[in-house]
file target.pdb (PDB, C-alpha atoms)
ATOM      1  CA  MET V 466       0.000   0.000   0.000  1.00  0.00           C
ATOM      2  CA  GLY V 467       1.533   3.311  -1.017  1.00  0.00           C
ATOM      3  CA  ALA V 468       1.519   6.548   0.946  1.00  0.00           C
ATOM      4  CA  GLY V 469       2.789  10.028   0.065  1.00  0.00           C
ATOM      5  CA  MET V 470       6.108  11.222   1.504  1.00  0.00           C
ATOM      6  CA  ARG V 471       6.560  14.552   3.210  1.00  0.00           C
ATOM      7  CA  ALA V 472       8.796  17.052   1.460  1.00  0.00           C
ATOM      8  CA  TRP V 473      12.346  17.293   2.752  1.00  0.00           C
ATOM      9  CA  SER V 474      13.146  20.853   3.748  1.00  0.00           C
ATOM     10  CA  ALA V 475      15.968  22.485   1.833  1.00  0.00           C
ATOM     11  CA  ILE V 476      19.582  22.109   2.916  1.00  0.00           C
ATOM     12  CA  ALA V 477      21.186  25.571   3.057  1.00  0.00           C
ATOM     13  CA  ILE V 478      20.163  27.678   0.041  1.00  0.00           C
ATOM     14  CA  ALA V 479      17.646  25.544  -1.780  1.00  0.00           C
ATOM     15  CA  VAL V 480      14.078  25.002  -2.891  1.00  0.00           C
ATOM     16  CA  GLY V 481      12.239  22.384  -0.830  1.00  0.00           C
ATOM     17  CA  LEU V 482      12.030  18.855  -2.111  1.00  0.00           C
ATOM     18  CA  LEU V 483       9.018  17.827  -4.121  1.00  0.00           C
ATOM     19  CA  ALA V 484       7.487  14.569  -2.946  1.00  0.00           C
ATOM     20  CA  SER V 485       5.233  12.056  -4.698  1.00  0.00           C
ATOM     21  CA  ALA V 486       4.064   8.478  -4.377  1.00  0.00           C
ATOM     22  CA  ASN V 487       5.509   7.378  -7.713  1.00  0.00           C
ATOM     23  CA  SER V 488       7.739   4.349  -7.818  1.00  0.00           C
ATOM     24  CA  ALA V 489      11.432   5.047  -8.342  1.00  0.00           C
ATOM     25  CA  ALA V 490      14.519   2.905  -8.516  1.00  0.00           C
ATOM     26  CA  MET V 491      16.868   2.954  -5.553  1.00  0.00           C
ATOM     27  CA  ALA V 492      19.930   4.994  -6.406  1.00  0.00           C
ATOM     28  CA  LYS V 493      22.481   7.376  -4.957  1.00  0.00           C
ATOM     29  CA  PRO V 494      21.608  11.075  -5.139  1.00  0.00           C
ATOM     30  CA  LYS V 495      21.989  12.338  -8.698  1.00  0.00           C
ATOM     31  CA  ALA V 496      23.164  15.784  -9.656  1.00  0.00           C
ATOM     32  CA  THR V 497      23.488  18.138 -12.593  1.00  0.00           C
ATOM     33  CA  THR V 498      25.393  21.415 -12.419  1.00  0.00           C
ATOM     34  CA  GLN V 499      24.967  24.606 -14.414  1.00  0.00           C
ATOM     35  CA  TYR V 500      27.619  27.329 -14.252  1.00  0.00           C
ATOM     36  CA  LYS V 501      26.553  30.938 -14.686  1.00  0.00           C
ATOM     37  CA  TYR V 502      28.841  33.949 -14.783  1.00  0.00           C
ATOM     38  CA  TYR V 503      28.428  37.624 -14.020  1.00  0.00           C
ATOM     39  CA  ALA V 504      30.727  40.068 -15.780  1.00  0.00           C
ATOM     40  CA  VAL V 505      33.289  42.198 -13.942  1.00  0.00           C
ATOM     41  CA  SER V 506      35.705  44.690 -15.438  1.00  0.00           C
ATOM     42  CA  GLY V 507      38.399  47.104 -14.354  1.00  0.00           C
ATOM     43  CA  GLY V 508      42.003  48.117 -14.752  1.00  0.00           C
ATOM     44  CA  SER V 509      43.201  47.010 -11.330  1.00  0.00           C
ATOM     45  CA  ALA V 510      42.559  44.479  -8.584  1.00  0.00           C
ATOM     46  CA  VAL V 511      40.617  47.087  -6.619  1.00  0.00           C
ATOM     47  CA  GLU V 512      38.376  47.906  -9.577  1.00  0.00           C
ATOM     48  CA  LEU V 513      37.667  44.206 -10.125  1.00  0.00           C
ATOM     49  CA  TYR V 514      36.807  43.868  -6.444  1.00  0.00           C
ATOM     50  CA  ILE V 515      34.451  46.861  -6.625  1.00  0.00           C
ATOM     51  CA  ALA V 516      32.777  45.298  -9.666  1.00  0.00           C
ATOM     52  CA  MET V 517      32.216  42.072  -7.722  1.00  0.00           C
ATOM     53  CA  MET V 518      30.626  44.043  -4.896  1.00  0.00           C
ATOM     54  CA  LYS V 519      28.314  45.739  -7.387  1.00  0.00           C
ATOM     55  CA  ARG V 520      27.376  42.774  -9.555  1.00  0.00           C
ATOM     56  CA  GLY V 521      27.917  39.708  -7.389  1.00  0.00           C
ATOM     57  CA  PRO V 522      25.118  37.543  -5.983  1.00  0.00           C
ATOM     58  CA  HIS V 523      23.433  38.042  -2.628  1.00  0.00           C
ATOM     59  CA  VAL V 524      23.281  35.084  -0.240  1.00  0.00           C
ATOM     60  CA  ASN V 525      20.755  35.398   2.577  1.00  0.00           C
ATOM     61  CA  GLY V 526      20.816  39.146   2.004  1.00  0.00           C
ATOM     62  CA  ASP V 527      24.612  39.373   2.167  1.00  0.00           C
ATOM     63  CA  GLN V 528      26.958  40.418  -0.629  1.00  0.00           C
ATOM     64  CA  ALA V 529      28.938  37.484  -2.024  1.00  0.00           C
ATOM     65  CA  TYR V 530      31.666  36.781  -4.560  1.00  0.00           C
ATOM     66  CA  ALA V 531      30.003  33.562  -5.720  1.00  0.00           C
ATOM     67  CA  SER V 532      27.050  31.364  -4.820  1.00  0.00           C
ATOM     68  CA  THR V 533      25.581  27.898  -5.173  1.00  0.00           C
ATOM     69  CA  THR V 534      21.862  27.192  -5.240  1.00  0.00           C
ATOM     70  CA  ALA V 535      20.155  23.838  -5.543  1.00  0.00           C
ATOM     71  CA  THR V 536      16.736  22.637  -6.557  1.00  0.00           C
ATOM     72  CA  GLN V 537      16.068  19.210  -5.094  1.00  0.00           C
ATOM     73  CA  THR V 538      13.473  16.611  -6.047  1.00  0.00           C
ATOM     74  CA  LEU V 539      12.529  13.424  -4.236  1.00  0.00           C
ATOM     75  CA  ASP V 540      10.408  10.558  -5.502  1.00  0.00           C
ATOM     76  CA  GLY V 541       9.665   7.458  -3.470  1.00  0.00           C
ATOM     77  CA  ARG V 542       6.929   5.134  -2.214  1.00  0.00           C
ATOM     78  CA  PHE V 543       6.052   3.345   0.966  1.00  0.00           C
ATOM     79  CA  VAL V 544       5.329  -0.382   0.945  1.00  0.00           C
ATOM     80  CA  ARG V 545       3.440  -2.032   3.780  1.00  0.00           C
ATOM     81  CA  THR V 546       3.786  -5.729   4.673  1.00  0.00           C
ATOM     82  CA  SER V 547       4.276  -6.648   8.334  1.00  0.00           C
ATOM     83  CA  ASN V 548       5.480  -3.072   8.714  1.00  0.00           C
ATOM     84  CA  CYS V 549       5.767   0.031   6.556  1.00  0.00           C
ATOM     85  CA  ARG V 550       9.006   1.215   5.034  1.00  0.00           C
ATOM     86  CA  LEU V 551      10.300   3.208   2.125  1.00  0.00           C
ATOM     87  CA  HIS V 552      10.631   0.770  -0.746  1.00  0.00           C
ATOM     88  CA  ASP V 553      12.717   2.870  -3.122  1.00  0.00           C
ATOM     89  CA  ILE V 554      13.882   6.429  -3.492  1.00  0.00           C
ATOM     90  CA  ASN V 555      15.163   8.769  -6.175  1.00  0.00           C
ATOM     91  CA  LEU V 556      16.822  11.909  -4.883  1.00  0.00           C
ATOM     92  CA  SER V 557      18.252  14.397  -7.358  1.00  0.00           C
ATOM     93  CA  PHE V 558      19.793  17.862  -7.313  1.00  0.00           C
ATOM     94  CA  GLN V 559      20.029  20.580  -9.913  1.00  0.00           C
ATOM     95  CA  PHE V 560      22.853  22.923  -8.886  1.00  0.00           C
ATOM     96  CA  THR V 561      23.501  26.419 -10.209  1.00  0.00           C
ATOM     97  CA  ILE V 562      26.934  27.855  -9.428  1.00  0.00           C
ATOM     98  CA  ARG V 563      27.380  31.582 -10.072  1.00  0.00           C
ATOM     99  CA  LEU V 564      30.909  32.945 -10.472  1.00  0.00           C
ATOM    100  CA  PRO V 565      32.594  36.191 -11.571  1.00  0.00           C
ATOM    101  CA  LYS V 566      34.260  36.441 -14.970  1.00  0.00           C
ATOM    102  CA  VAL V 567      36.474  39.260 -16.214  1.00  0.00           C
ATOM    103  CA  SER V 568      35.114  40.814 -19.402  1.00  0.00           C
ATOM    104  CA  SER V 569      38.593  41.709 -20.622  1.00  0.00           C
ATOM    105  CA  THR V 570      42.082  41.416 -19.167  1.00  0.00           C
ATOM    106  CA  LYS V 571      43.297  44.308 -21.311  1.00  0.00           C
ATOM    107  CA  GLY V 572      44.945  46.926 -19.138  1.00  0.00           C
ATOM    108  CA  LEU V 573      45.560  44.570 -16.219  1.00  0.00           C
ATOM    109  CA  SER V 574      49.115  43.930 -15.107  1.00  0.00           C
ATOM    110  CA  LYS V 575      50.476  40.394 -15.372  1.00  0.00           C
ATOM    111  CA  THR V 576      50.494  40.149 -11.573  1.00  0.00           C
ATOM    112  CA  THR V 577      46.831  41.145 -11.381  1.00  0.00           C
ATOM    113  CA  ARG V 578      45.871  38.749 -14.186  1.00  0.00           C
ATOM    114  CA  ASP V 579      47.695  35.843 -12.560  1.00  0.00           C
ATOM    115  CA  ARG V 580      46.272  36.526  -9.120  1.00  0.00           C
ATOM    116  CA  TRP V 581      42.773  36.979 -10.509  1.00  0.00           C
ATOM    117  CA  GLN V 582      43.002  33.653 -12.315  1.00  0.00           C
ATOM    118  CA  ALA V 583      44.061  31.949  -9.087  1.00  0.00           C
ATOM    119  CA  PHE V 584      41.242  33.659  -7.204  1.00  0.00           C
ATOM    120  CA  SER V 585      38.685  32.560  -9.800  1.00  0.00           C
ATOM    121  CA  GLN V 586      39.835  28.963  -9.412  1.00  0.00           C
ATOM    122  CA  PHE V 587      39.663  29.334  -5.632  1.00  0.00           C
ATOM    123  CA  LEU V 588      36.036  30.506  -5.824  1.00  0.00           C
ATOM    124  CA  ARG V 589      35.038  27.696  -8.165  1.00  0.00           C
ATOM    125  CA  LYS V 590      36.596  25.059  -5.931  1.00  0.00           C
ATOM    126  CA  HIS V 591      34.895  26.625  -2.904  1.00  0.00           C
ATOM    127  CA  GLU V 592      31.439  26.435  -4.478  1.00  0.00           C
ATOM    128  CA  GLU V 593      32.039  22.919  -5.756  1.00  0.00           C
ATOM    129  CA  THR V 594      32.949  21.885  -2.215  1.00  0.00           C
ATOM    130  CA  HIS V 595      29.565  23.183  -1.044  1.00  0.00           C
ATOM    131  CA  ARG V 596      28.045  20.980  -3.718  1.00  0.00           C
ATOM    132  CA  SER V 597      29.981  17.983  -2.381  1.00  0.00           C
ATOM    133  CA  ILE V 598      28.792  18.713   1.159  1.00  0.00           C
ATOM    134  CA  TRP V 599      25.214  18.838  -0.080  1.00  0.00           C
ATOM    135  CA  LEU V 600      25.496  15.495  -1.836  1.00  0.00           C
ATOM    136  CA  ALA V 601      27.196  13.787   1.119  1.00  0.00           C
ATOM    137  CA  CYS V 602      24.381  14.954   3.394  1.00  0.00           C
ATOM    138  CA  ALA V 603      21.804  13.744   0.888  1.00  0.00           C
ATOM    139  CA  ALA V 604      23.435  10.306   0.630  1.00  0.00           C
ATOM    140  CA  ASP V 605      23.398   9.993   4.421  1.00  0.00           C
ATOM    141  CA  PHE V 606      19.724  10.978   4.546  1.00  0.00           C
ATOM    142  CA  GLU V 607      18.863   8.495   1.813  1.00  0.00           C
ATOM    143  CA  ARG V 608      20.593   5.644   3.632  1.00  0.00           C
ATOM    144  CA  ARG V 609      18.868   6.417   6.919  1.00  0.00           C
ATOM    145  CA  ALA V 610      15.456   6.939   5.297  1.00  0.00           C
ATOM    146  CA  LEU V 611      15.593   3.549   3.587  1.00  0.00           C
ATOM    147  CA  ALA V 612      16.308   1.884   6.953  1.00  0.00           C
ATOM    148  CA  VAL V 613      13.170   3.283   8.614  1.00  0.00           C
ATOM    149  CA  LYS V 614      10.530   0.719   9.614  1.00  0.00           C
ATOM    150  CA  ALA V 615       7.261   1.552  11.361  1.00  0.00           C
ATOM    151  CA  SER V 616       3.917  -0.062  12.193  1.00  0.00           C
ATOM    152  CA  THR V 617       2.116   2.443   9.966  1.00  0.00           C
ATOM    153  CA  CYS V 618       3.102   4.421   6.897  1.00  0.00           C
ATOM    154  CA  GLU V 619       2.089   7.603   8.694  1.00  0.00           C
ATOM    155  CA  ALA V 620       4.617   6.799  11.436  1.00  0.00           C
ATOM    156  CA  ALA V 621       7.285   6.004   8.837  1.00  0.00           C
ATOM    157  CA  ASP V 622       6.558   9.281   7.080  1.00  0.00           C
ATOM    158  CA  ALA V 623       6.885  11.197  10.356  1.00  0.00           C
ATOM    159  CA  GLU V 624      10.206   9.523  11.191  1.00  0.00           C
ATOM    160  CA  ILE V 625      11.616  10.298   7.746  1.00  0.00           C
ATOM    161  CA  ALA V 626      10.517  13.924   8.136  1.00  0.00           C
ATOM    162  CA  ARG V 627      12.356  14.012  11.484  1.00  0.00           C
ATOM    163  CA  LEU V 628      15.476  12.588   9.841  1.00  0.00           C
ATOM    164  CA  ALA V 629      15.207  15.208   7.107  1.00  0.00           C
ATOM    165  CA  ASP V 630      15.126  18.027   9.652  1.00  0.00           C
ATOM    166  CA  GLU V 631      18.023  16.479  11.548  1.00  0.00           C
ATOM    167  CA  THR V 632      20.039  16.146   8.335  1.00  0.00           C
ATOM    168  CA  ARG V 633      19.303  19.728   7.339  1.00  0.00           C
ATOM    169  CA  VAL V 634      20.541  21.105  10.673  1.00  0.00           C
ATOM    170  CA  ALA V 635      23.684  18.953  10.638  1.00  0.00           C
ATOM    171  CA  CYS V 636      24.436  19.829   7.030  1.00  0.00           C
ATOM    172  CA  ASN V 637      24.044  23.564   7.600  1.00  0.00           C
ATOM    173  CA  LYS V 638      26.613  23.294  10.382  1.00  0.00           C
ATOM    174  CA  LYS V 639      29.015  21.641   7.954  1.00  0.00           C
ATOM    175  CA  HIS V 640      28.489  24.424   5.423  1.00  0.00           C
ATOM    176  CA  ASP V 641      29.050  27.070   8.104  1.00  0.00           C
ATOM    177  CA  ALA V 642      32.180  25.363   9.435  1.00  0.00           C
ATOM    178  CA  PHE V 643      33.604  25.128   5.930  1.00  0.00           C
ATOM    179  CA  ASP V 644      32.897  28.808   5.254  1.00  0.00           C
ATOM    180  CA  ALA V 645      34.493  29.834   8.552  1.00  0.00           C
ATOM    181  CA  ALA V 646      37.668  27.937   7.692  1.00  0.00           C
ATOM    182  CA  GLU V 647      37.711  29.412   4.190  1.00  0.00           C
ATOM    183  CA  GLN V 648      37.534  32.981   5.517  1.00  0.00           C
ATOM    184  CA  LYS V 649      41.034  32.559   6.897  1.00  0.00           C
ATOM    185  CA  ARG V 650      42.264  31.329   3.525  1.00  0.00           C
ATOM    186  CA  VAL V 651      40.596  34.049   1.477  1.00  0.00           C
ATOM    187  CA  ALA V 652      42.085  36.771   3.695  1.00  0.00           C
ATOM    188  CA  LYS V 653      45.540  35.455   2.813  1.00  0.00           C
ATOM    189  CA  HIS V 654      44.834  34.963  -0.875  1.00  0.00           C
ATOM    190  CA  PRO V 655      47.307  36.845  -3.125  1.00  0.00           C
ATOM    191  CA  PHE V 656      44.499  38.573  -5.036  1.00  0.00           C
ATOM    192  CA  VAL V 657      42.832  39.804  -1.834  1.00  0.00           C
ATOM    193  CA  LYS V 658      46.195  41.011  -0.536  1.00  0.00           C
ATOM    194  CA  LEU V 659      46.566  42.961  -3.753  1.00  0.00           C
ATOM    195  CA  VAL V 660      43.182  44.564  -3.113  1.00  0.00           C
ATOM    196  CA  LEU V 661      43.905  45.366   0.522  1.00  0.00           C
ATOM    197  CA  ALA V 662      47.304  46.933  -0.136  1.00  0.00           C
ATOM    198  CA  PRO V 663      46.833  49.100  -3.241  1.00  0.00           C
ATOM    199  CA  PRO V 664      48.251  52.562  -4.002  1.00  0.00           C
ATOM    200  CA  LYS V 665      46.699  55.400  -1.996  1.00  0.00           C
ATOM    201  CA  LYS V 666      44.487  56.536  -4.866  1.00  0.00           C
ATOM    202  CA  GLN V 667      43.017  53.042  -5.232  1.00  0.00           C
ATOM    203  CA  THR V 668      42.529  52.794  -1.473  1.00  0.00           C
ATOM    204  CA  ALA V 669      40.384  55.918  -1.572  1.00  0.00           C
ATOM    205  CA  ALA V 670      38.326  54.490  -4.438  1.00  0.00           C
ATOM    206  CA  LEU V 671      37.792  51.246  -2.553  1.00  0.00           C
ATOM    207  CA  ALA V 672      36.718  53.057   0.619  1.00  0.00           C
ATOM    208  CA  ALA V 673      34.168  55.068  -1.346  1.00  0.00           C
ATOM    209  CA  LYS V 674      32.642  51.887  -2.776  1.00  0.00           C
ATOM    210  CA  LYS V 675      32.869  49.717   0.339  1.00  0.00           C
ATOM    211  CA  PRO V 676      29.474  48.042   1.012  1.00  0.00           C
ATOM    212  CA  ALA V 677      27.706  48.338   4.351  1.00  0.00           C
ATOM    213  CA  LYS V 678      28.874  45.879   6.981  1.00  0.00           C
ATOM    214  CA  LYS V 679      26.756  42.746   7.162  1.00  0.00           C
ATOM    215  CA  LYS V 680      25.952  40.762  10.269  1.00  0.00           C
ATOM    216  CA  ARG V 681      26.959  37.479   8.705  1.00  0.00           C
ATOM    217  CA  LYS V 682      30.709  37.014   8.401  1.00  0.00           C
ATOM    218  CA  SER V 683      30.647  34.753   5.362  1.00  0.00           C
ATOM    219  CA  ILE V 684      31.378  36.474   2.081  1.00  0.00           C
ATOM    220  CA  PHE V 685      30.561  33.500  -0.140  1.00  0.00           C
TER     221      PHE V 685
END
call {"tool": "encode", "arguments": {"input": "target.pdb", "output": "structure tokens"}}
result
Amino acid sequence: MGAGMRAWSAIAIAVGLLASANSAAMAKPKATTQYKYYAVSGGSAVELYIAMMKRGPHVNGDQAYASTTATQTLDGRFVRTSNCRLHDINLSFQFTIRLPKVSSTKGLSKTTRDRWQAFSQFLRKHEETHRSIWLACAADFERRALAVKASTCEAADAEIARLADETRVACNKKHDAFDAAEQKRVAKHPFVKLVLAPPKKQTAALAAKKPAKKKRKSIF
């Protein structure tokens, strides 16, 4: 006897899972990733930084260099024999990673170009690590959900919903811990050092464009 599954709340920045009672083959979480870029331009590291502050994404209301969003879907069905349990599950993610891209490197010094390239790679790896954290959390949820047994399908549904909430909280902590560790790395990044120690004229330009201080420390 089938019964509908509750939607799994989103992990971090995501749209809630869509649930249905359709049969689906048991499989590990699947994922597709789309990369989108916003254009930045300038003749110096400071100008590129200012462009990121103007054109970059907002995450939970905060200015960011880059971002990752995910739409998640979940299909599965309950089967009842002597007890009720989730018979199969199909969990998938559609990720969108947004990154900065320099419109033209003309006018930039070789040092700035090289450090920007390294910074771009740093941001991409950072966002892809968030994607990996998401998928690891999803795989753990899937394993635990498939192990649930209950006397009724309603009870099984409630337990899986509890596991989903528990997974979401634990996964958000992992994302936050990763971001906190990365803040130390980004502060020491050669490109950021170039931004923070520019000529006096550039320093004045940066101060004039500096965004309002946000409560959240994360800049990703």
call {"tool": "atom_distance", "arguments": {"input": "target.pdb", "atom1": "CA of Thr498 (chain V)", "atom2": "CA of Ala531 (chain V)"}}
result
14.6 Å
call {"tool": "closest_residue", "arguments": {"input": "target.pdb", "among": "V:Ala583, V:Leu513, V:Ala604, V:Ile554", "to": "Val567 (chain V)", "atoms": "all atoms listed in the file"}}
result
V:Leu513
call {"tool": "atom_distance", "arguments": {"input": "target.pdb", "atom1": "CA of Phe606 (chain V)", "atom2": "CA of Arg563 (chain V)"}}
result
26.4 Å
call {"tool": "resolve_selection", "arguments": {"input": "target.pdb", "expression": "the PyMOL selection byres ((chain V and resi 584-592) around 7)", "output": "compact mmCIF listing (two decimals) with C-alpha atoms, in the coordinates of the input"}}
result
# COMPACT_ATOMS: atom_id res chain seq x y z
CA ALA V 531 30.00 33.56 -5.72
CA SER V 532 27.05 31.36 -4.82
CA THR V 533 25.58 27.90 -5.17
CA ILE V 562 26.93 27.86 -9.43
CA ARG V 580 46.27 36.53 -9.12
CA TRP V 581 42.77 36.98 -10.51
CA GLN V 582 43.00 33.65 -12.32
CA ALA V 583 44.06 31.95 -9.09
CA GLU V 593 32.04 22.92 -5.76
CA THR V 594 32.95 21.88 -2.22
CA HIS V 595 29.56 23.18 -1.04
CA ARG V 596 28.04 20.98 -3.72
CA PHE V 656 44.50 38.57 -5.04
call {"tool": "residues_around", "arguments": {"input": "target.pdb", "residues": "Lys614 (chain V)", "least_positions_apart": "2", "cutoff": "9 Å", "atoms": "only C-alpha atoms", "output": "PyMOL selection string"}}
result
chain V and resi 548-551+611-612+616-618+620-621+624
call {"tool": "write_last_selection", "arguments": {"input": "target.pdb", "atoms": "C-alpha atoms", "output": "PDB file, keeping the file's coordinate frame"}}
result
ATOM      1  CA  ASN V 548       5.480  -3.072   8.714  1.00  0.00           C
ATOM      2  CA  CYS V 549       5.767   0.031   6.556  1.00  0.00           C
ATOM      3  CA  ARG V 550       9.006   1.215   5.034  1.00  0.00           C
ATOM      4  CA  LEU V 551      10.300   3.208   2.125  1.00  0.00           C
ATOM      5  CA  LEU V 611      15.593   3.549   3.587  1.00  0.00           C
ATOM      6  CA  ALA V 612      16.308   1.884   6.953  1.00  0.00           C
ATOM      7  CA  SER V 616       3.917  -0.062  12.193  1.00  0.00           C
ATOM      8  CA  THR V 617       2.116   2.443   9.966  1.00  0.00           C
ATOM      9  CA  CYS V 618       3.102   4.421   6.897  1.00  0.00           C
ATOM     10  CA  ALA V 620       4.617   6.799  11.436  1.00  0.00           C
ATOM     11  CA  ALA V 621       7.285   6.004   8.837  1.00  0.00           C
ATOM     12  CA  GLU V 624      10.206   9.523  11.191  1.00  0.00           C
TER      13      GLU V 624
END
call {"tool": "resolve_selection", "arguments": {"input": "target.pdb", "expression": "the PyMOL selection byres ((chain V and resi 501) around 9)", "output": "list in words"}}
result
Gln499, Tyr500, Tyr502, Tyr503, Thr561, Ile562, Arg563, Leu564 and Pro565 of chain V
call {"tool": "atom_distance", "arguments": {"input": "target.pdb", "atom1": "CA of Ala510 (chain V)", "atom2": "CA of Arg578 (chain V)"}}
result
8.7 Å
call {"tool": "resolve_selection", "arguments": {"input": "target.pdb", "expression": "the PyMOL selection byres ((chain V and resi 572-574) around 9)", "output": "list in words"}}
result
Gly507, Gly508, Ser509, Ala510, Ser569, Thr570, Lys571, Lys575, Thr576, Thr577, Arg578 and Asp579 of chain V
call {"tool": "closest_residue", "arguments": {"input": "target.pdb", "among": "V:Ala662, V:Cys636, V:Met518, V:Ala645", "to": "Ala601 (chain V)", "atoms": "only C-alpha atoms"}}
result
V:Cys636
call {"tool": "residues_near_point", "arguments": {"input": "target.pdb", "point": "(21.1, 17.2, -11.4)", "cutoff": "7 Å", "atoms": "only C-alpha atoms", "output": "list in words"}}
result
Lys495, Ala496, Thr497, Thr498, Ser557, Phe558, Gln559 and Phe560 of chain V
call {"tool": "closest_residue", "arguments": {"input": "target.pdb", "among": "V:Asp553, V:Asp527, V:Asp540, V:Asp622", "to": "Arg608 (chain V)", "atoms": "only C-alpha atoms"}}
result
V:Asp553
call {"tool": "closest_residue", "arguments": {"input": "target.pdb", "among": "V:Lys519, V:Arg650, V:Lys638, V:His552", "to": "Cys602 (chain V)", "atoms": "all atoms listed in the file"}}
result
V:Lys638
call {"tool": "decode", "arguments": {"input": "target.pdb", "residues": "region 597-619 of chain V", "atoms": "C-alpha atoms", "output": "PDB file, in the first residue's frame"}}
result
ATOM      1  CA  SER V 597      29.981  17.983  -2.381  1.00  0.00           C
ATOM      2  CA  ILE V 598      28.792  18.713   1.159  1.00  0.00           C
ATOM      3  CA  TRP V 599      25.214  18.838  -0.080  1.00  0.00           C
ATOM      4  CA  LEU V 600      25.496  15.495  -1.836  1.00  0.00           C
ATOM      5  CA  ALA V 601      27.196  13.787   1.119  1.00  0.00           C
ATOM      6  CA  CYS V 602      24.381  14.954   3.394  1.00  0.00           C
ATOM      7  CA  ALA V 603      21.804  13.744   0.888  1.00  0.00           C
ATOM      8  CA  ALA V 604      23.435  10.306   0.630  1.00  0.00           C
ATOM      9  CA  ASP V 605      23.398   9.993   4.421  1.00  0.00           C
ATOM     10  CA  PHE V 606      19.724  10.978   4.546  1.00  0.00           C
ATOM     11  CA  GLU V 607      18.863   8.495   1.813  1.00  0.00           C
ATOM     12  CA  ARG V 608      20.593   5.644   3.632  1.00  0.00           C
ATOM     13  CA  ARG V 609      18.868   6.417   6.919  1.00  0.00           C
ATOM     14  CA  ALA V 610      15.456   6.939   5.297  1.00  0.00           C
ATOM     15  CA  LEU V 611      15.593   3.549   3.587  1.00  0.00           C
ATOM     16  CA  ALA V 612      16.308   1.884   6.953  1.00  0.00           C
ATOM     17  CA  VAL V 613      13.170   3.283   8.614  1.00  0.00           C
ATOM     18  CA  LYS V 614      10.530   0.719   9.614  1.00  0.00           C
ATOM     19  CA  ALA V 615       7.261   1.552  11.361  1.00  0.00           C
ATOM     20  CA  SER V 616       3.917  -0.062  12.193  1.00  0.00           C
ATOM     21  CA  THR V 617       2.116   2.443   9.966  1.00  0.00           C
ATOM     22  CA  CYS V 618       3.102   4.421   6.897  1.00  0.00           C
ATOM     23  CA  GLU V 619       2.089   7.603   8.694  1.00  0.00           C
TER      24      GLU V 619
END
